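> Dumping the structure here so I can ask a few things about it.
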Amino acid sequence: MTVDTTVTVRVPAKVNLQLAVGPRREDGFHALVNVFHAVSLFDEVTVKAASPRQSHALTALTATGQSESHLARVPLDETNLAARAALLLAEETGSGFPVDIHLDKHIPVAGGMAGGSADAAAALVACDRLWGCGLSRERLLDLAARLGSDVAFGLVGDTAVGTGRGELLDPMASPGRYRWVFALSTRGLSTADVFGEYDRLRPDAPDPRLDLALQQALASGDAEALGRSLSNDLQPAALSLLPELQRTLDAGRSAGAIGALVSGSGPTCAFLIGGGGEDAALVAEREAEVVAALWATGMCEQVVAADGDVPGATVL
């Protein structure tokens, strides 16, 4: 039997189609209704048996694939979620030998698209395969939930609604295929800072509820209805901390995007361009106009297009 010495897992970014945020709980987290949608911006996480073998489960963590300014925001120590995932798996299973982890990052860093959480999900899958743990999907999901609110969705992908603090997932019917454009800001936003600003702006936030109009739009594959239903309770807080994002949102809408919002805690802005039922040439023309308008703002470090939804963490 051939034993793997290197495993690479590809994992997608997410955009939040709805992010409803309730009041802060006693444990410090917020109750959420979070409709996740996986899109075709991918990180690849490679775990490799370290040589020489050492007693520690993790010997090195490296990252490439982004600009130096963005990579500078990626911790390359045990505070990185991918490293924490490997260490948690080793602790929980008593398995494992030392590994090197390499992150090839194309999901925006500190951009509200769960790049760090995606890497953690990929690291769980990769180390489980490399070490031969053979954990069930349910066990991996449990470990993912312990690592962070968005990590479990990296395992699942497609479209799902997260409740609790976002870690309790149920798949959502979403037969449509959608085209997106993402405007990546030159600046990052701290998730903790955005939630803190949300608490300041909405001290009496109501309990979150799933938007039935959004659910119906997804079930029908109606891109126009989906665009009208996009919502993010954290958007006012992100705009309060980084007001320039309003100009980005306005530019994309004016150029023809059928939906626009800040993704998660930001600062990446997401623009729905069209759906699979539309004329492909029309969608391509609309995309080109939105991309040009976003670049013209001078506010974007990158403007990238992607499709959704796509599967979760996949061994390559």
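By order in the structure tokens, chains are A, B, ...; within a chain, residues start at 1; ligands start at 1, following the order shown.
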Could you give me, as a list in words, the residues within 12 Å of A:Glu289, counting only C-alpha atoms and dropping anything in the same chain fewer than 4 positions from it?
Val181, Ala251, Gly252, Arg253, Ser254, Ala255, Gly256, Ala257, Phe271, Ile273, Leu282, Val283, Ala284, Glu285, Ala293, Leu294, Trp295 and Ala296 of chain A
> Would you save the residues of that selection, restricted to N, CA and C atoms, as a PDB file, in the first residue's frame?

ATOM      1  N   VAL A 181     -18.611  39.297  -9.071  1.00  0.00           N
ATOM      2  CA  VAL A 181     -17.368  40.070  -9.126  1.00  0.00           C
ATOM      3  C   VAL A 181     -17.078  40.545  -7.710  1.00  0.00           C
ATOM      4  N   ALA A 251     -20.367  52.330  -7.165  1.00  0.00           N
ATOM      5  CA  ALA A 251     -19.816  52.194  -8.519  1.00  0.00           C
ATOM      6  C   ALA A 251     -20.286  50.901  -9.170  1.00  0.00           C
ATOM      7  N   GLY A 252     -20.272  49.811  -8.417  1.00  0.00           N
ATOM      8  CA  GLY A 252     -20.698  48.540  -8.985  1.00  0.00           C
ATOM      9  C   GLY A 252     -22.174  48.521  -9.321  1.00  0.00           C
ATOM     10  N   ARG A 253     -22.984  49.069  -8.430  1.00  0.00           N
ATOM     11  CA  ARG A 253     -24.433  49.129  -8.701  1.00  0.00           C
ATOM     12  C   ARG A 253     -24.719  49.984  -9.926  1.00  0.00           C
ATOM     13  N   SER A 254     -24.076  51.146 -10.015  1.00  0.00           N
ATOM     14  CA  SER A 254     -24.329  52.060 -11.135  1.00  0.00           C
ATOM     15  C   SER A 254     -23.918  51.448 -12.463  1.00  0.00           C
ATOM     16  N   ALA A 255     -22.926  50.545 -12.432  1.00  0.00           N
ATOM     17  CA  ALA A 255     -22.450  49.925 -13.664  1.00  0.00           C
ATOM     18  C   ALA A 255     -23.298  48.739 -14.096  1.00  0.00           C
ATOM     19  N   GLY A 256     -24.290  48.353 -13.272  1.00  0.00           N
ATOM     20  CA  GLY A 256     -25.208  47.315 -13.711  1.00  0.00           C
ATOM     21  C   GLY A 256     -25.280  46.064 -12.864  1.00  0.00           C
ATOM     22  N   ALA A 257     -24.526  45.983 -11.766  1.00  0.00           N
ATOM     23  CA  ALA A 257     -24.645  44.814 -10.894  1.00  0.00           C
ATOM     24  C   ALA A 257     -26.077  44.683 -10.395  1.00  0.00           C
ATOM     25  N   PHE A 271     -20.448  41.656  -5.809  1.00  0.00           N
ATOM     26  CA  PHE A 271     -21.425  42.138  -6.786  1.00  0.00           C
ATOM     27  C   PHE A 271     -21.977  40.952  -7.565  1.00  0.00           C
ATOM     28  N   ILE A 273     -23.601  39.488 -10.649  1.00  0.00           N
ATOM     29  CA  ILE A 273     -23.623  39.935 -12.050  1.00  0.00           C
ATOM     30  C   ILE A 273     -24.763  39.294 -12.821  1.00  0.00           C
ATOM     31  N   LEU A 282     -24.870  38.770 -22.526  1.00  0.00           N
ATOM     32  CA  LEU A 282     -25.338  39.888 -21.715  1.00  0.00           C
ATOM     33  C   LEU A 282     -24.638  39.899 -20.359  1.00  0.00           C
ATOM     34  N   VAL A 283     -24.503  38.728 -19.753  1.00  0.00           N
ATOM     35  CA  VAL A 283     -23.831  38.643 -18.457  1.00  0.00           C
ATOM     36  C   VAL A 283     -22.369  39.051 -18.600  1.00  0.00           C
ATOM     37  N   ALA A 284     -21.713  38.613 -19.669  1.00  0.00           N
ATOM     38  CA  ALA A 284     -20.309  38.966 -19.888  1.00  0.00           C
ATOM     39  C   ALA A 284     -20.142  40.468 -20.094  1.00  0.00           C
ATOM     40  N   GLU A 285     -21.074  41.087 -20.817  1.00  0.00           N
ATOM     41  CA  GLU A 285     -21.013  42.532 -21.027  1.00  0.00           C
ATOM     42  C   GLU A 285     -21.210  43.277 -19.708  1.00  0.00           C
ATOM     43  N   ALA A 293     -15.779  49.806 -13.989  1.00  0.00           N
ATOM     44  CA  ALA A 293     -16.213  50.856 -13.065  1.00  0.00           C
ATOM     45  C   ALA A 293     -15.506  50.726 -11.716  1.00  0.00           C
ATOM     46  N   LEU A 294     -15.303  49.502 -11.263  1.00  0.00           N
ATOM     47  CA  LEU A 294     -14.635  49.297  -9.981  1.00  0.00           C
ATOM     48  C   LEU A 294     -13.171  49.718 -10.050  1.00  0.00           C
ATOM     49  N   TRP A 295     -12.497  49.355 -11.124  1.00  0.00           N
ATOM     50  CA  TRP A 295     -11.116  49.795 -11.278  1.00  0.00           C
ATOM     51  C   TRP A 295     -11.033  51.323 -11.342  1.00  0.00           C
ATOM     52  N   ALA A 296     -12.011  51.935 -11.970  1.00  0.00           N
ATOM     53  CA  ALA A 296     -11.988  53.405 -12.147  1.00  0.00           C
ATOM     54  C   ALA A 296     -12.087  54.158 -10.829  1.00  0.00           C
TER      55      ALA A 296
END
> Pick out the residues sitting within 12 Å of stretch 19-29 of chain A, and hand them over as an mmCIF file with N, CA, C and O atoms, in the first residue's frame; count only C-alpha atoms, and ignore anything fewer than 5 positions along from it in its own chain.

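As a result, part09.cif now contains:
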data_model
loop_
_atom_site.group_PDB
_atom_site.id
_atom_site.type_symbol
_atom_site.label_atom_id
_atom_site.label_comp_id
_atom_site.auth_asym_id
_atom_site.auth_seq_id
_atom_site.Cartn_x
_atom_site.Cartn_y
_atom_site.Cartn_z
ATOM 1 N N ASN A 34 -26.742 32.879 8.996
ATOM 2 C CA ASN A 34 -25.670 33.186 8.061
ATOM 3 C C ASN A 34 -25.821 32.286 6.837
ATOM 4 O O ASN A 34 -25.564 31.080 6.921
ATOM 5 N N VAL A 35 -26.251 32.853 5.729
ATOM 6 C CA VAL A 35 -26.404 32.062 4.509
ATOM 7 C C VAL A 35 -25.090 32.117 3.737
ATOM 8 O O VAL A 35 -24.740 33.128 3.129
ATOM 9 N N PHE A 36 -24.363 31.004 3.802
ATOM 10 C CA PHE A 36 -23.063 30.887 3.141
ATOM 11 C C PHE A 36 -23.243 30.433 1.695
ATOM 12 O O PHE A 36 -24.083 29.580 1.397
ATOM 13 N N HIS A 37 -22.375 30.941 0.825
ATOM 14 C CA HIS A 37 -22.400 30.572 -0.587
ATOM 15 C C HIS A 37 -20.946 30.458 -1.029
ATOM 16 O O HIS A 37 -20.200 31.443 -0.986
ATOM 17 N N GLY A 112 -13.213 39.273 4.705
ATOM 18 C CA GLY A 112 -14.608 38.911 4.908
ATOM 19 C C GLY A 112 -15.070 37.751 4.059
ATOM 20 O O GLY A 112 -16.272 37.539 3.892
ATOM 21 N N GLY A 148 -13.681 27.628 14.924
ATOM 22 C CA GLY A 148 -14.228 28.935 14.577
ATOM 23 C C GLY A 148 -15.567 28.820 13.899
ATOM 24 O O GLY A 148 -15.947 27.753 13.391
ATOM 25 N N SER A 149 -16.284 29.938 13.857
ATOM 26 C CA SER A 149 -17.667 29.933 13.387
ATOM 27 C C SER A 149 -17.804 29.594 11.909
ATOM 28 O O SER A 149 -18.809 29.027 11.486
ATOM 29 N N VAL A 161 -27.166 27.324 5.308
ATOM 30 C CA VAL A 161 -27.484 28.319 6.326
ATOM 31 C C VAL A 161 -26.852 27.871 7.640
ATOM 32 O O VAL A 161 -26.976 26.723 8.051
ATOM 33 N N GLY A 162 -26.124 28.806 8.249
ATOM 34 C CA GLY A 162 -25.489 28.550 9.527
ATOM 35 C C GLY A 162 -26.243 29.260 10.634
ATOM 36 O O GLY A 162 -26.594 30.435 10.506
ATOM 37 N N THR A 163 -26.485 28.552 11.720
ATOM 38 C CA THR A 163 -27.141 29.151 12.884
ATOM 39 C C THR A 163 -26.233 28.951 14.103
ATOM 40 O O THR A 163 -25.106 28.507 13.977
ATOM 41 N N GLY A 164 -26.752 29.268 15.295
ATOM 42 C CA GLY A 164 -25.882 29.323 16.459
ATOM 43 C C GLY A 164 -24.974 30.525 16.298
ATOM 44 O O GLY A 164 -25.434 31.651 16.082
ATOM 45 N N ARG A 165 -23.669 30.300 16.353
ATOM 46 C CA ARG A 165 -22.728 31.363 16.004
ATOM 47 C C ARG A 165 -22.229 31.197 14.569
ATOM 48 O O ARG A 165 -21.227 31.781 14.169
ATOM 49 N N GLY A 166 -22.980 30.377 13.781
ATOM 50 C CA GLY A 166 -22.667 30.151 12.383
ATOM 51 C C GLY A 166 -22.175 28.762 12.081
ATOM 52 O O GLY A 166 -22.061 28.369 10.920
ATOM 53 N N GLU A 167 -21.885 27.979 13.132
ATOM 54 C CA GLU A 167 -21.234 26.685 12.949
ATOM 55 C C GLU A 167 -22.213 25.537 12.733
ATOM 56 O O GLU A 167 -21.812 24.437 12.324
ATOM 57 N N THR A 191 -12.336 41.444 12.055
ATOM 58 C CA THR A 191 -13.681 40.948 12.356
ATOM 59 C C THR A 191 -14.127 41.405 13.743
ATOM 60 O O THR A 191 -15.278 41.822 13.933
ATOM 61 N N ALA A 192 -13.215 41.336 14.709
ATOM 62 C CA ALA A 192 -13.561 41.765 16.071
ATOM 63 C C ALA A 192 -13.936 43.237 16.106
ATOM 64 O O ALA A 192 -14.891 43.637 16.795
ATOM 65 N N VAL A 194 -15.216 44.998 13.649
ATOM 66 C CA VAL A 194 -16.507 45.198 12.975
ATOM 67 C C VAL A 194 -17.653 44.776 13.894
ATOM 68 O O VAL A 194 -18.661 45.486 14.009
ATOM 69 N N PHE A 195 -17.509 43.659 14.578
ATOM 70 C CA PHE A 195 -18.557 43.244 15.517
ATOM 71 C C PHE A 195 -18.668 44.243 16.670
ATOM 72 O O PHE A 195 -19.770 44.530 17.160
ATOM 73 N N GLY A 196 -17.546 44.780 17.123
ATOM 74 C CA GLY A 196 -17.594 45.789 18.171
ATOM 75 C C GLY A 196 -18.343 47.028 17.732
ATOM 76 O O GLY A 196 -19.139 47.601 18.499
ATOM 77 N N TYR A 198 -20.611 47.049 15.370
ATOM 78 C CA TYR A 198 -22.001 46.631 15.256
ATOM 79 C C TYR A 198 -22.707 46.745 16.600
ATOM 80 O O TYR A 198 -23.832 47.263 16.685
ATOM 81 N N ASP A 199 -22.050 46.289 17.657
ATOM 82 C CA ASP A 199 -22.644 46.380 18.997
ATOM 83 C C ASP A 199 -22.888 47.828 19.392
ATOM 84 O O ASP A 199 -23.890 48.153 20.049
ATOM 85 N N ARG A 200 -21.992 48.709 18.977
ATOM 86 C CA ARG A 200 -22.168 50.130 19.295
ATOM 87 C C ARG A 200 -23.348 50.723 18.529
ATOM 88 O O ARG A 200 -24.145 51.492 19.086
ATOM 89 N N LEU A 201 -23.464 50.328 17.246
ATOM 90 C CA LEU A 201 -24.521 50.891 16.405
ATOM 91 C C LEU A 201 -25.888 50.271 16.697
ATOM 92 O O LEU A 201 -26.911 50.942 16.534
ATOM 93 N N ARG A 202 -25.912 49.007 17.109
ATOM 94 C CA ARG A 202 -27.182 48.300 17.326
ATOM 95 C C ARG A 202 -27.179 47.619 18.694
ATOM 96 O O ARG A 202 -27.140 46.374 18.780
ATOM 97 N N PRO A 203 -27.212 48.382 19.761
ATOM 98 C CA PRO A 203 -27.161 47.771 21.099
ATOM 99 C C PRO A 203 -28.389 46.921 21.414
ATOM 100 O O PRO A 203 -28.324 46.069 22.305
ATOM 101 N N ASP A 204 -29.493 47.145 20.712
ATOM 102 C CA ASP A 204 -30.720 46.384 20.956
ATOM 103 C C ASP A 204 -31.073 45.517 19.747
ATOM 104 O O ASP A 204 -32.241 45.423 19.344
ATOM 105 N N ALA A 205 -30.071 44.869 19.176
ATOM 106 C CA ALA A 205 -30.295 44.050 17.976
ATOM 107 C C ALA A 205 -31.303 42.948 18.261
ATOM 108 O O ALA A 205 -31.257 42.293 19.307
ATOM 109 N N PRO A 206 -32.243 42.711 17.346
ATOM 110 C CA PRO A 206 -33.226 41.636 17.540
ATOM 111 C C PRO A 206 -32.609 40.275 17.243
ATOM 112 O O PRO A 206 -31.521 40.169 16.676
ATOM 113 N N ASP A 207 -33.303 39.218 17.623
ATOM 114 C CA ASP A 207 -32.858 37.871 17.279
ATOM 115 C C ASP A 207 -32.867 37.708 15.760
ATOM 116 O O ASP A 207 -33.788 38.177 15.080
ATOM 117 N N PRO A 208 -31.870 37.047 15.205
ATOM 118 C CA PRO A 208 -31.787 36.928 13.737
ATOM 119 C C PRO A 208 -32.772 35.910 13.191
ATOM 120 O O PRO A 208 -33.088 34.913 13.840
ATOM 121 N N ARG A 209 -33.245 36.158 11.977
ATOM 122 C CA ARG A 209 -34.178 35.248 11.307
ATOM 123 C C ARG A 209 -33.777 35.076 9.840
ATOM 124 O O ARG A 209 -33.289 36.021 9.217
ATOM 125 N N LEU A 210 -34.013 33.899 9.313
ATOM 126 C CA LEU A 210 -33.754 33.642 7.907
ATOM 127 C C LEU A 210 -34.733 34.431 7.052
ATOM 128 O O LEU A 210 -35.945 34.448 7.324
ATOM 129 N N ASP A 211 -34.218 35.083 6.009
ATOM 130 C CA ASP A 211 -35.047 35.846 5.078
ATOM 131 C C ASP A 211 -35.724 34.869 4.109
ATOM 132 O O ASP A 211 -35.061 34.237 3.281
ATOM 133 N N LEU A 214 -35.132 35.497 0.375
ATOM 134 C CA LEU A 214 -33.842 34.990 -0.093
ATOM 135 C C LEU A 214 -33.926 33.491 -0.321
ATOM 136 O O LEU A 214 -33.456 32.978 -1.351
ATOM 137 N N SER A 229 -32.467 40.411 -2.621
ATOM 138 C CA SER A 229 -32.598 39.850 -1.283
ATOM 139 C C SER A 229 -31.291 39.835 -0.490
ATOM 140 O O SER A 229 -31.302 39.475 0.688
ATOM 141 N N LEU A 230 -30.178 40.180 -1.118
ATOM 142 C CA LEU A 230 -28.897 40.151 -0.413
ATOM 143 C C LEU A 230 -28.925 41.121 0.764
ATOM 144 O O LEU A 230 -29.396 42.253 0.640
ATOM 145 N N SER A 231 -28.394 40.689 1.922
ATOM 146 C CA SER A 231 -28.388 41.575 3.086
ATOM 147 C C SER A 231 -27.264 41.189 4.036
ATOM 148 O O SER A 231 -26.875 40.021 4.114
ATOM 149 N N ASN A 232 -26.766 42.184 4.760
ATOM 150 C CA ASN A 232 -25.664 41.972 5.696
ATOM 151 C C ASN A 232 -25.797 42.970 6.835
ATOM 152 O O ASN A 232 -25.566 44.165 6.656
ATOM 153 N N ASP A 233 -26.156 42.486 8.014
ATOM 154 C CA ASP A 233 -26.305 43.370 9.169
ATOM 155 C C ASP A 233 -24.989 44.025 9.575
ATOM 156 O O ASP A 233 -24.996 45.067 10.254
ATOM 157 N N LEU A 234 -23.856 43.434 9.194
ATOM 158 C CA LEU A 234 -22.558 44.020 9.539
ATOM 159 C C LEU A 234 -22.129 45.130 8.581
ATOM 160 O O LEU A 234 -21.160 45.830 8.849
ATOM 161 N N GLN A 235 -22.866 45.284 7.470
ATOM 162 C CA GLN A 235 -22.435 46.275 6.476
ATOM 163 C C GLN A 235 -22.371 47.693 7.038
ATOM 164 O O GLN A 235 -21.380 48.395 6.803
ATOM 165 N N ALA A 237 -21.668 48.666 9.972
ATOM 166 C CA ALA A 237 -20.485 48.751 10.825
ATOM 167 C C ALA A 237 -19.214 48.806 9.995
ATOM 168 O O ALA A 237 -18.294 49.585 10.288
ATOM 169 N N LEU A 261 -23.181 43.971 -1.943
ATOM 170 C CA LEU A 261 -23.094 44.074 -0.489
ATOM 171 C C LEU A 261 -21.654 43.877 -0.061
ATOM 172 O O LEU A 261 -20.822 43.358 -0.821
ATOM 173 N N VAL A 262 -21.350 44.308 1.151
ATOM 174 C CA VAL A 262 -20.082 43.970 1.779
ATOM 175 C C VAL A 262 -20.136 42.502 2.176
ATOM 176 O O VAL A 262 -21.140 42.034 2.715
ATOM 177 N N SER A 263 -19.071 41.768 1.891
ATOM 178 C CA SER A 263 -19.039 40.346 2.211
ATOM 179 C C SER A 263 -18.612 40.149 3.653
ATOM 180 O O SER A 263 -17.511 40.544 4.054
ATOM 181 N N GLY A 264 -19.462 39.536 4.464
ATOM 182 C CA GLY A 264 -19.132 39.250 5.845
ATOM 183 C C GLY A 264 -18.770 40.509 6.618
ATOM 184 O O GLY A 264 -19.476 41.521 6.558
ATOM 185 N N SER A 265 -17.632 40.468 7.293
ATOM 186 C CA SER A 265 -17.173 41.629 8.050
ATOM 187 C C SER A 265 -16.364 42.587 7.190
ATOM 188 O O SER A 265 -15.880 43.597 7.683
ATOM 189 N N GLY A 266 -16.258 42.298 5.880
ATOM 190 C CA GLY A 266 -15.573 43.171 4.955
ATOM 191 C C GLY A 266 -14.056 43.017 5.054
ATOM 192 O O GLY A 266 -13.535 42.216 5.821
#
> I need the residue nearest A:Phe182 from this list: A:Thr93, A:Ser40, A:Thr268, A:Asn80. Use only C-alpha atoms for the distance.
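Of the candidates, the smallest distance to A:Phe182 is held by A:Thr268.
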> So which one's closest to A:Gly96, A:Gln215, A:Thr248, A:Ser174, A:Thr5? Using only C-alpha atoms, please.
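Smallest distance to A:Gly96 is found for A:Thr5.
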> Counting only C-alpha atoms, what is within 12 Å of A:Glu244, bar same-chain residues fewer than 3 positions away, as JSON, numbers by chain?
{"A": [185, 186, 187, 238, 239, 240, 241, 247, 248, 249, 250, 251, 262, 266, 267, 268, 269, 297, 298, 299, 300]}
> I'd like the neighbourhood of A:Ile101 as a PyMOL selection string, where a residue qualifies if any of its atoms comes within 8 Å (using only C-alpha atoms), though same-chain residues fewer than 2 positions away should be ignored.
chain A and resi 45-48+58+60-62+83+99+103
> Running DSSP on the backbone, which parts of stretch 7-245 of chain A land in strand (DSSP E), as a ChimeraX atom specification?
/A:7-24,30-49,58-64,99-104,159-163,168-171,178-185,231-232
> Atom CA of A:Val109 and atom CA of A:Ser67 are how many Å apart?
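About the pair atom CA of A:Val109 and atom CA of A:Ser67: they are 9.9 Å apart.
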> Any idea what's packed within 9 Å of stretch 133-142 of chain A, counting only C-alpha atoms, ignoring anything in its chain fewer than 4 positions away? Could you give it as a PyMOL selection string?
chain A and resi 89+93+95-96+121+124-125+127-129+146-147+151-153+155-156+167
> Using only C-alpha atoms, can you tell me which of A:Thr64, A:Thr314, A:Gln302, A:Ser117 comes closest to A:Ala85?
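Counting only C-alpha atoms, the residue closest to A:Ala85 is A:Ser117.
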> To test your reading of the structure, identify every residue in stretch 157-311 of chain A that backbone DSSP assigns to helix (DSSP H, G or I), and report it as a VMD selection string.
chain A and resid 191 to 201 212 to 220 223 to 229 235 to 241 245 to 254 280 to 296
> Tell me, in Å to one decimal, how far atom CA of A:Ala313 is from atom CA of A:Thr159.
13.5 Å
> So which one's closest to A:Ala160, A:Ala305, A:His70, A:Leu218, A:Leu212? Using only C-alpha atoms, please.
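When distances to A:Ala160 are compared using only C-alpha atoms, the smallest one comes from A:Leu218.
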> Find, counting only C-alpha atoms, the residue in A:Glu287, A:Asp279, A:Asp104, A:Asp222 that gets nearest to A:Ala306.
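So, comparing all the options, the nearest one is A:Glu287.
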